[in-house]
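Asks: Got a file for you: protein.json, JSON, C-alpha atoms and all ligand atoms.
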```
[["chain", "number", "residue", "atom", "x", "y", "z"],
["A", 1, "MET", "CA", 93.37, 104.72, 104.73],
["A", 2, "ASP", "CA", 92.97, 106.87, 101.63],
["A", 3, "SER", "CA", 95.28, 109.57, 103.00],
["A", 4, "LEU", "CA", 97.84, 106.94, 104.10],
["A", 5, "TYR", "CA", 97.77, 105.62, 100.54],
["A", 6, "LYS", "CA", 98.29, 109.09, 99.08],
["A", 7, "ILE", "CA", 101.14, 109.93, 101.46],
["A", 8, "SER", "CA", 102.98, 106.64, 101.02],
["A", 9, "LEU", "CA", 102.59, 106.77, 97.21],
["A", 10, "LEU", "CA", 103.92, 110.34, 97.24],
["A", 11, "ILE", "CA", 106.98, 109.36, 99.32],
["A", 12, "HIS", "CA", 107.60, 106.27, 97.16],
["A", 13, "SER", "CA", 107.21, 108.32, 93.99],
["A", 14, "TRP", "CA", 109.61, 111.13, 94.96],
["A", 15, "ASN", "CA", 112.15, 108.90, 96.68],
["A", 16, "ARG", "CA", 112.66, 107.14, 93.34],
["A", 17, "TRP", "CA", 114.59, 110.27, 92.24],
["A", 18, "ALA", "CA", 116.79, 110.10, 95.35],
["A", 19, "VAL", "CA", 117.49, 106.42, 94.54],
["A", 20, "LEU", "CA", 118.33, 107.24, 90.92],
["A", 21, "ILE", "CA", 120.54, 110.25, 91.73],
["A", 22, "ALA", "CA", 122.47, 108.44, 94.48],
["A", 23, "GLY", "CA", 122.86, 105.35, 92.26],
["A", 24, "ALA", "CA", 124.07, 107.47, 89.32],
["A", 25, "LEU", "CA", 126.65, 109.14, 91.58],
["A", 26, "VAL", "CA", 127.95, 105.74, 92.74],
["A", 27, "ILE", "CA", 128.40, 104.74, 89.09],
["A", 28, "ILE", "CA", 130.04, 108.05, 88.07],
["A", 29, "TYR", "CA", 132.55, 107.98, 90.97],
["A", 30, "ALA", "CA", 133.32, 104.30, 90.32],
["A", 31, "ILE", "CA", 134.04, 104.93, 86.61],
["A", 32, "LYS", "CA", 136.13, 108.01, 87.47],
["A", 33, "GLY", "CA", 138.04, 106.05, 90.09],
["A", 34, "LEU", "CA", 138.72, 103.16, 87.73],
["A", 35, "SER", "CA", 139.77, 105.30, 84.80],
["A", 36, "SER", "CA", 142.05, 107.62, 86.78],
["A", 37, "GLY", "CA", 143.27, 104.97, 89.25],
["A", 38, "SER", "CA", 142.35, 107.26, 92.12],
["A", 39, "ALA", "CA", 141.64, 106.33, 95.74],
["A", 40, "TYR", "CA", 138.19, 105.33, 97.03],
["A", 41, "LYS", "CA", 137.36, 108.76, 98.44],
["A", 42, "PRO", "CA", 134.71, 109.82, 101.01],
["A", 43, "VAL", "CA", 132.42, 111.02, 98.15],
["A", 44, "SER", "CA", 132.27, 107.42, 96.86],
["A", 45, "ARG", "CA", 131.54, 106.09, 100.35],
["A", 46, "LYS", "CA", 128.89, 108.76, 100.95],
["A", 47, "SER", "CA", 127.11, 108.18, 97.64],
["A", 48, "MET", "CA", 127.00, 104.43, 98.35],
["A", 49, "PHE", "CA", 125.65, 105.18, 101.85],
["A", 50, "TYR", "CA", 122.85, 107.39, 100.45],
["A", 51, "PHE", "CA", 122.06, 104.86, 97.74],
["A", 52, "ILE", "CA", 121.57, 102.09, 100.33],
["A", 53, "LEU", "CA", 119.62, 104.43, 102.64],
["A", 54, "THR", "CA", 117.19, 105.55, 99.93],
["A", 55, "MET", "CA", 116.82, 101.97, 98.67],
["A", 56, "HIS", "CA", 115.86, 100.79, 102.17],
["A", 57, "LEU", "CA", 113.33, 103.61, 102.51],
["A", 58, "GLN", "CA", 111.91, 102.67, 99.10],
["A", 59, "LEU", "CA", 111.67, 99.01, 100.13],
["A", 60, "LEU", "CA", 109.97, 99.88, 103.42],
["A", 61, "VAL", "CA", 107.37, 102.18, 101.86],
["A", 62, "GLY", "CA", 106.97, 99.74, 98.95],
["A", 63, "LEU", "CA", 106.15, 96.89, 101.35],
["A", 64, "PHE", "CA", 103.67, 99.13, 103.17],
["A", 65, "LEU", "CA", 101.99, 100.02, 99.88],
["A", 66, "TYR", "CA", 102.03, 96.41, 98.76],
["A", 67, "PHE", "CA", 100.47, 94.78, 101.82],
["A", 68, "VAL", "CA", 98.46, 97.61, 103.38],
["A", 69, "ALA", "CA", 97.76, 100.79, 101.45],
["A", 70, "SER", "CA", 97.61, 100.14, 97.71],
["A", 71, "PRO", "CA", 94.14, 99.15, 96.47],
["A", 72, "ILE", "CA", 95.80, 97.63, 93.39],
["A", 73, "THR", "CA", 98.02, 95.12, 95.19],
["A", 74, "THR", "CA", 95.64, 94.36, 98.06],
["A", 75, "HIS", "CA", 93.00, 93.55, 95.46],
["A", 76, "ALA", "CA", 95.52, 91.44, 93.49],
["A", 77, "LEU", "CA", 96.48, 89.53, 96.66],
["A", 78, "SER", "CA", 92.82, 88.74, 97.37],
["A", 79, "ASP", "CA", 92.65, 86.74, 94.12],
["A", 80, "PHE", "CA", 96.21, 86.10, 92.98],
["A", 81, "GLY", "CA", 95.18, 83.71, 90.19],
["A", 82, "ALA", "CA", 92.98, 86.31, 88.51],
["A", 83, "ALA", "CA", 95.65, 89.01, 88.99],
["A", 84, "MET", "CA", 98.17, 86.86, 87.10],
["A", 85, "LYS", "CA", 95.93, 87.04, 84.03],
["A", 86, "ASP", "CA", 95.87, 90.85, 84.07],
["A", 87, "SER", "CA", 99.15, 92.44, 82.90],
["A", 88, "THR", "CA", 98.83, 95.62, 85.00],
["A", 89, "ALA", "CA", 97.91, 93.75, 88.20],
["A", 90, "ARG", "CA", 100.74, 91.28, 87.52],
["A", 91, "PHE", "CA", 103.23, 94.10, 87.02],
["A", 92, "TRP", "CA", 102.52, 95.57, 90.48],
["A", 93, "ALA", "CA", 101.90, 92.31, 92.34],
["A", 94, "VAL", "CA", 104.89, 90.38, 90.95],
["A", 95, "GLU", "CA", 107.32, 92.06, 88.56],
["A", 96, "HIS", "CA", 107.78, 95.49, 90.18],
["A", 97, "ALA", "CA", 107.95, 94.17, 93.75],
["A", 98, "PHE", "CA", 110.06, 91.07, 93.08],
["A", 99, "LEU", "CA", 112.70, 92.61, 90.79],
["A", 100, "ASN", "CA", 113.07, 95.67, 93.00],
["A", 101, "ILE", "CA", 113.59, 93.46, 96.06],
["A", 102, "ILE", "CA", 116.35, 91.67, 94.09],
["A", 103, "ALA", "CA", 117.82, 95.11, 93.29],
["A", 104, "VAL", "CA", 117.87, 96.01, 97.01],
["A", 105, "VAL", "CA", 119.60, 92.70, 97.83],
["A", 106, "LEU", "CA", 122.20, 93.27, 95.07],
["A", 107, "ALA", "CA", 122.90, 96.83, 96.22],
["A", 108, "GLN", "CA", 123.21, 95.77, 99.87],
["A", 109, "THR", "CA", 125.49, 92.83, 99.00],
["A", 110, "GLY", "CA", 127.67, 95.05, 96.81],
["A", 111, "SER", "CA", 128.09, 97.62, 99.57],
["A", 112, "ILE", "CA", 129.09, 94.89, 102.07],
["A", 113, "ILE", "CA", 131.70, 93.49, 99.65],
["A", 114, "VAL", "CA", 133.05, 97.02, 99.00],
["A", 115, "LYS", "CA", 133.56, 97.50, 102.75],
["A", 116, "ARG", "CA", 135.47, 94.20, 102.99],
["A", 117, "LYS", "CA", 137.84, 94.92, 100.08],
["A", 118, "SER", "CA", 141.01, 96.79, 100.93],
["A", 119, "ALA", "CA", 142.28, 97.75, 97.43],
["A", 120, "ASP", "CA", 140.72, 100.96, 96.07],
["A", 121, "ARG", "CA", 140.49, 99.53, 92.55],
["A", 122, "ASP", "CA", 138.47, 96.56, 93.86],
["A", 123, "LYS", "CA", 136.11, 98.91, 95.73],
["A", 124, "HIS", "CA", 135.46, 100.91, 92.52],
["A", 125, "ARG", "CA", 135.03, 97.75, 90.44],
["A", 126, "ILE", "CA", 132.61, 96.07, 92.87],
["A", 127, "SER", "CA", 130.57, 99.29, 93.21],
["A", 128, "LEU", "CA", 130.29, 99.60, 89.44],
["A", 129, "ILE", "CA", 129.20, 95.98, 88.87],
["A", 130, "TRP", "CA", 126.73, 95.48, 91.76],
["A", 131, "VAL", "CA", 125.16, 98.93, 91.74],
["A", 132, "GLY", "CA", 125.15, 98.91, 87.92],
["A", 133, "ILE", "CA", 123.07, 95.71, 87.82],
["A", 134, "ALA", "CA", 120.79, 96.95, 90.63],
["A", 135, "LEU", "CA", 120.19, 100.25, 88.80],
["A", 136, "PHE", "CA", 119.48, 98.43, 85.55],
["A", 137, "LEU", "CA", 116.74, 96.38, 87.24],
["A", 138, "ILE", "CA", 115.32, 99.47, 88.95],
["A", 139, "LEU", "CA", 115.18, 101.39, 85.66],
["A", 140, "LEU", "CA", 113.42, 98.48, 83.97],
["A", 141, "MET", "CA", 110.83, 98.29, 86.76],
["A", 142, "ILE", "CA", 110.13, 101.98, 87.34],
["A", 143, "PRO", "CA", 106.73, 102.58, 85.77],
["A", 144, "MET", "CA", 107.90, 105.27, 83.34],
["A", 145, "GLY", "CA", 106.88, 103.48, 80.20],
["A", 146, "LEU", "CA", 109.97, 101.27, 79.66],
["A", 147, "MET", "CA", 108.02, 98.32, 81.00],
["A", 148, "GLY", "CA", 104.68, 98.14, 82.73],
["A", 149, "PRO", "CA", 102.17, 100.95, 83.15],
["A", 150, "ASP", "CA", 103.09, 104.60, 82.62],
["A", 151, "ARG", "CA", 102.93, 106.66, 85.82],
["A", 152, "PRO", "CA", 103.68, 110.37, 86.37],
["A", 153, "TRP", "CA", 107.39, 111.23, 86.61],
["A", 154, "PHE", "CA", 106.55, 113.87, 89.21],
["A", 155, "ARG", "CA", 103.54, 113.25, 91.43],
["A", 156, "PHE", "CA", 101.85, 116.21, 93.20],
["B", 1, "LIG", "C1", 113.60, 99.85, 95.28],
["B", 1, "LIG", "C2", 113.22, 100.41, 94.18],
["B", 1, "LIG", "C3", 111.83, 100.85, 93.84],
["B", 1, "LIG", "C4", 111.54, 101.90, 93.03],
["B", 1, "LIG", "C5", 112.56, 102.82, 92.37],
["B", 1, "LIG", "C6", 110.11, 102.01, 92.95],
["B", 1, "LIG", "C7", 109.43, 102.97, 92.21],
["B", 1, "LIG", "C8", 108.08, 103.09, 92.14],
["B", 1, "LIG", "C9", 107.38, 104.12, 91.41],
["B", 1, "LIG", "C10", 108.05, 105.24, 90.61],
["B", 1, "LIG", "C11", 106.05, 103.92, 91.57],
["B", 1, "LIG", "C12", 104.90, 104.76, 90.97],
["B", 1, "LIG", "C13", 104.59, 105.89, 91.89],
["B", 1, "LIG", "C14", 103.55, 106.81, 91.31],
["B", 1, "LIG", "O1", 102.56, 106.34, 90.78],
["B", 1, "LIG", "O2", 103.74, 108.03, 91.43],
["B", 1, "LIG", "C15", 105.89, 102.75, 92.40],
["B", 1, "LIG", "C16", 104.69, 102.24, 92.82],
["B", 1, "LIG", "C17", 104.55, 101.14, 93.63],
["B", 1, "LIG", "N1", 105.56, 100.37, 94.18],
["B", 1, "LIG", "FE1", 107.53, 100.68, 93.94],
["B", 1, "LIG", "N2", 109.53, 101.01, 93.71],
["B", 1, "LIG", "C18", 110.54, 100.27, 94.26],
["B", 1, "LIG", "C19", 110.38, 99.17, 95.07],
["B", 1, "LIG", "C20", 109.20, 98.62, 95.45],
["B", 1, "LIG", "C21", 109.05, 97.43, 96.27],
["B", 1, "LIG", "C22", 110.20, 96.60, 96.79],
["B", 1, "LIG", "C23", 107.71, 97.22, 96.42],
["B", 1, "LIG", "C24", 106.95, 96.16, 97.15],
["B", 1, "LIG", "C25", 107.42, 95.14, 97.78],
["B", 1, "LIG", "C26", 107.01, 98.26, 95.71],
["B", 1, "LIG", "C27", 105.65, 98.40, 95.63],
["B", 1, "LIG", "C28", 104.99, 99.36, 94.92],
["B", 1, "LIG", "C29", 103.55, 99.48, 94.85],
["B", 1, "LIG", "C30", 102.54, 98.55, 95.52],
["B", 1, "LIG", "C31", 103.28, 100.61, 94.04],
["B", 1, "LIG", "C32", 101.99, 101.29, 93.55],
["B", 1, "LIG", "C33", 100.76, 100.87, 93.85],
["B", 1, "LIG", "C34", 99.64, 101.78, 93.50],
["B", 1, "LIG", "O3", 99.71, 102.63, 92.63],
["B", 1, "LIG", "O4", 98.61, 101.57, 94.14],
["B", 1, "LIG", "N3", 107.95, 99.09, 95.14],
["B", 1, "LIG", "N4", 107.13, 102.27, 92.73]]
```
Go through the file and emit its structure as structure tokens.
Ligand code: HEM

Replies:
Amino acid sequence: MDSLYKISLLIHSWNRWAVLIAGALVIIYAIKGLSSGSAYKPVSRKSMFYFILTMHLQLLVGLFLYFVASPITTHALSDFGAAMKDSTARFWAVEHAFLNIIAVVLAQTGSIIVKRKSADRDKHRISLIWVGIALFLILLMIPMGLMGPDRPWFRF
């Protein structure tokens, strides 16, 4: 179980950069598209695709860590009441998991609405709003010191 924990934490830790890079590209292309009035090009579609893909991988590995591999959350789940009184346990057991799940739902909903819109301007606008809010939540909840415990930026 220890090696499964290490491997899943490593994947979850590095995939955060893929999530952030793909999300930043979605935002950059949406702002460019809105300011220049250009078409919704394949690069925009591809960056949205990779953002959703990496978010789903993050969610999947996150759920595995949460319920199976992480000693922190499995311990918190065994006595949820006590975990709520400890700020670090509460961060992992509630805040990080819950807000990131909301971020995944927002990103997925945004990408579905983008597909349904036909005007390029609407596609750029929806991408900017939904992915922007999702990224904001993700940045708040990544344990890099903004909120919650400080974890390594690059785990080896
Ligand atoms: C979707 C965006 C998410 C991002 C960007 C993200 C990012 C991170 C990062 C950077 C860490 C620290 C890794 C390290 O220490 O090297 C972490 C840990 C963790 N994440 Fe996430 N996460 C996300 C979603 C989730 C979700 C949805 C869950 C659970 C439902 C989850 C559960 C956990 C757990 C349990 C840990 C660490 C536990 C431990 O150290 O034992 N994450 N996450």

Asks: So which one's closest to ligand LIG 1 (chain B), A:Arg155, A:Lys46, A:Lys117, A:Lys32? Using only C-alpha atoms and all ligand atoms, please.

Replies: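 Under the stated criterion, the closest residue is A:Arg155.
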
Asks: What's around Arg121 of chain A at 8 Å? Count all atoms listed in the file, leave out sequence neighbours fewer than 3 positions away in its own chain, and write the answer as an MDAnalysis selection string.

Replies: chainID A and resid 33:34 37:40 124:125

Asks: Name the residues, by chain letter and number, that sit within 7 Å of ligand LIG 1 (chain B) using all atoms listed in the file, and give them as JSON, numbers by chain.

Replies: {"A": [9, 10, 12, 13, 16, 19, 55, 58, 59, 62, 63, 65, 66, 70, 71, 72, 73, 92, 96, 97, 98, 100, 101, 103, 104, 138, 142, 143, 151, 152, 153, 154, 155]}

Asks: Tell me, in Å to one decimal, how far atom CA of His75 of chain A is from atom CA of Leu4 of chain A.

Replies: 16.7 Å

Asks: What does the structure give for the distance between atom CA of Gly110 of chain A and atom CA of Met144 of chain A, in Å to one decimal?

Replies: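 That distance, rounded to one decimal, is 26.0 Å.
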
Asks: Quick one, how far is atom CA of Arg90 of chain A from atom CA of Leu20 of chain A?

Replies: 24.0 Å

Asks: Taking all atoms listed in the file into account, which of A:Met84, A:Ser127, A:Tyr5, A:Pro149 comes nearest Ile28 of chain A?

Replies: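 Among the listed residues, A:Ser127 lies closest to Ile28 of chain A.
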
Asks: Might you pull out every residue within 10 Å of Val131 of chain A, with all atoms listed in the file counted and same-chain residues fewer than 6 positions away left off, and present them as a PyMOL selection string?

Replies: chain A and resi 23-24+26-27+30+48+51-52+103-104+106-111+137

Asks: Please determine, counting only C-alpha atoms, which residue among A:Lys123, A:Lys85, A:His56, A:Lys115 has the shortest atom-to-atom distance to Asn15 of chain A.

Replies: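 Among A:Lys123, A:Lys85, A:His56, A:Lys115, it is A:His56 that comes nearest to Asn15 of chain A.
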
Asks: Find the residue from A:Leu140, A:Ile7, A:Leu128, A:Leu146 that sits nearest to Glu95 of chain A; use only C-alpha atoms when measuring.

Replies: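 Nearest to Glu95 of chain A: A:Leu140.
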
Asks: Out of A:Thr88, A:Trp130, A:Asp2, A:Leu135, which residue has the shortest atom-to-atom distance to Ile21 of chain A when counting all atoms listed in the file?

Replies: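 Ranking A:Thr88, A:Trp130, A:Asp2, A:Leu135 by distance to Ile21 of chain A, first place goes to A:Leu135.
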
Asks: Please complete segment 1-15 of chain A with N, CA, C and O atoms and give it back as a JSON list (two decimals), in the frame of the given file.

Replies:
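Output file result.json is given in full below:
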```json
[["chain", "number", "residue", "atom", "x", "y", "z"],
["A", 1, "MET", "N", 92.46, 105.55, 105.54],
["A", 1, "MET", "CA", 93.37, 104.72, 104.73],
["A", 1, "MET", "C", 93.72, 105.42, 103.41],
["A", 1, "MET", "O", 94.84, 105.32, 102.93],
["A", 2, "ASP", "N", 92.74, 106.20, 102.90],
["A", 2, "ASP", "CA", 92.97, 106.87, 101.63],
["A", 2, "ASP", "C", 94.13, 107.86, 101.73],
["A", 2, "ASP", "O", 94.97, 107.94, 100.83],
["A", 3, "SER", "N", 94.19, 108.60, 102.88],
["A", 3, "SER", "CA", 95.28, 109.57, 103.00],
["A", 3, "SER", "C", 96.62, 108.87, 103.22],
["A", 3, "SER", "O", 97.65, 109.33, 102.74],
["A", 4, "LEU", "N", 96.60, 107.72, 103.93],
["A", 4, "LEU", "CA", 97.84, 106.94, 104.10],
["A", 4, "LEU", "C", 98.35, 106.46, 102.74],
["A", 4, "LEU", "O", 99.54, 106.45, 102.48],
["A", 5, "TYR", "N", 97.41, 106.08, 101.89],
["A", 5, "TYR", "CA", 97.77, 105.62, 100.54],
["A", 5, "TYR", "C", 98.42, 106.76, 99.76],
["A", 5, "TYR", "O", 99.49, 106.61, 99.18],
["A", 6, "LYS", "N", 97.76, 107.94, 99.83],
["A", 6, "LYS", "CA", 98.29, 109.09, 99.08],
["A", 6, "LYS", "C", 99.68, 109.47, 99.57],
["A", 6, "LYS", "O", 100.58, 109.73, 98.77],
["A", 7, "ILE", "N", 99.84, 109.51, 100.90],
["A", 7, "ILE", "CA", 101.14, 109.93, 101.46],
["A", 7, "ILE", "C", 102.23, 108.93, 101.11],
["A", 7, "ILE", "O", 103.32, 109.31, 100.67],
["A", 8, "SER", "N", 101.93, 107.63, 101.28],
["A", 8, "SER", "CA", 102.98, 106.64, 101.02],
["A", 8, "SER", "C", 103.33, 106.59, 99.52],
["A", 8, "SER", "O", 104.50, 106.45, 99.16],
["A", 9, "LEU", "N", 102.32, 106.77, 98.66],
["A", 9, "LEU", "CA", 102.59, 106.77, 97.21],
["A", 9, "LEU", "C", 103.44, 107.98, 96.83],
["A", 9, "LEU", "O", 104.36, 107.88, 96.00],
["A", 10, "LEU", "N", 103.16, 109.11, 97.50],
["A", 10, "LEU", "CA", 103.92, 110.34, 97.24],
["A", 10, "LEU", "C", 105.39, 110.16, 97.65],
["A", 10, "LEU", "O", 106.31, 110.50, 96.90],
["A", 11, "ILE", "N", 105.60, 109.58, 98.84],
["A", 11, "ILE", "CA", 106.98, 109.36, 99.32],
["A", 11, "ILE", "C", 107.70, 108.39, 98.37],
["A", 11, "ILE", "O", 108.83, 108.63, 97.94],
["A", 12, "HIS", "N", 107.01, 107.29, 98.03],
["A", 12, "HIS", "CA", 107.60, 106.27, 97.16],
["A", 12, "HIS", "C", 107.92, 106.86, 95.78],
["A", 12, "HIS", "O", 108.94, 106.54, 95.18],
["A", 13, "SER", "N", 107.04, 107.74, 95.31],
["A", 13, "SER", "CA", 107.21, 108.32, 93.99],
["A", 13, "SER", "C", 108.41, 109.28, 93.94],
["A", 13, "SER", "O", 109.22, 109.24, 93.02],
["A", 14, "TRP", "N", 108.51, 110.16, 94.96],
["A", 14, "TRP", "CA", 109.61, 111.13, 94.96],
["A", 14, "TRP", "C", 110.95, 110.50, 95.36],
["A", 14, "TRP", "O", 111.99, 110.89, 94.84],
["A", 15, "ASN", "N", 110.89, 109.52, 96.25],
["A", 15, "ASN", "CA", 112.15, 108.90, 96.68],
["A", 15, "ASN", "C", 112.82, 108.14, 95.54],
["A", 15, "ASN", "O", 114.01, 107.88, 95.57]]
```
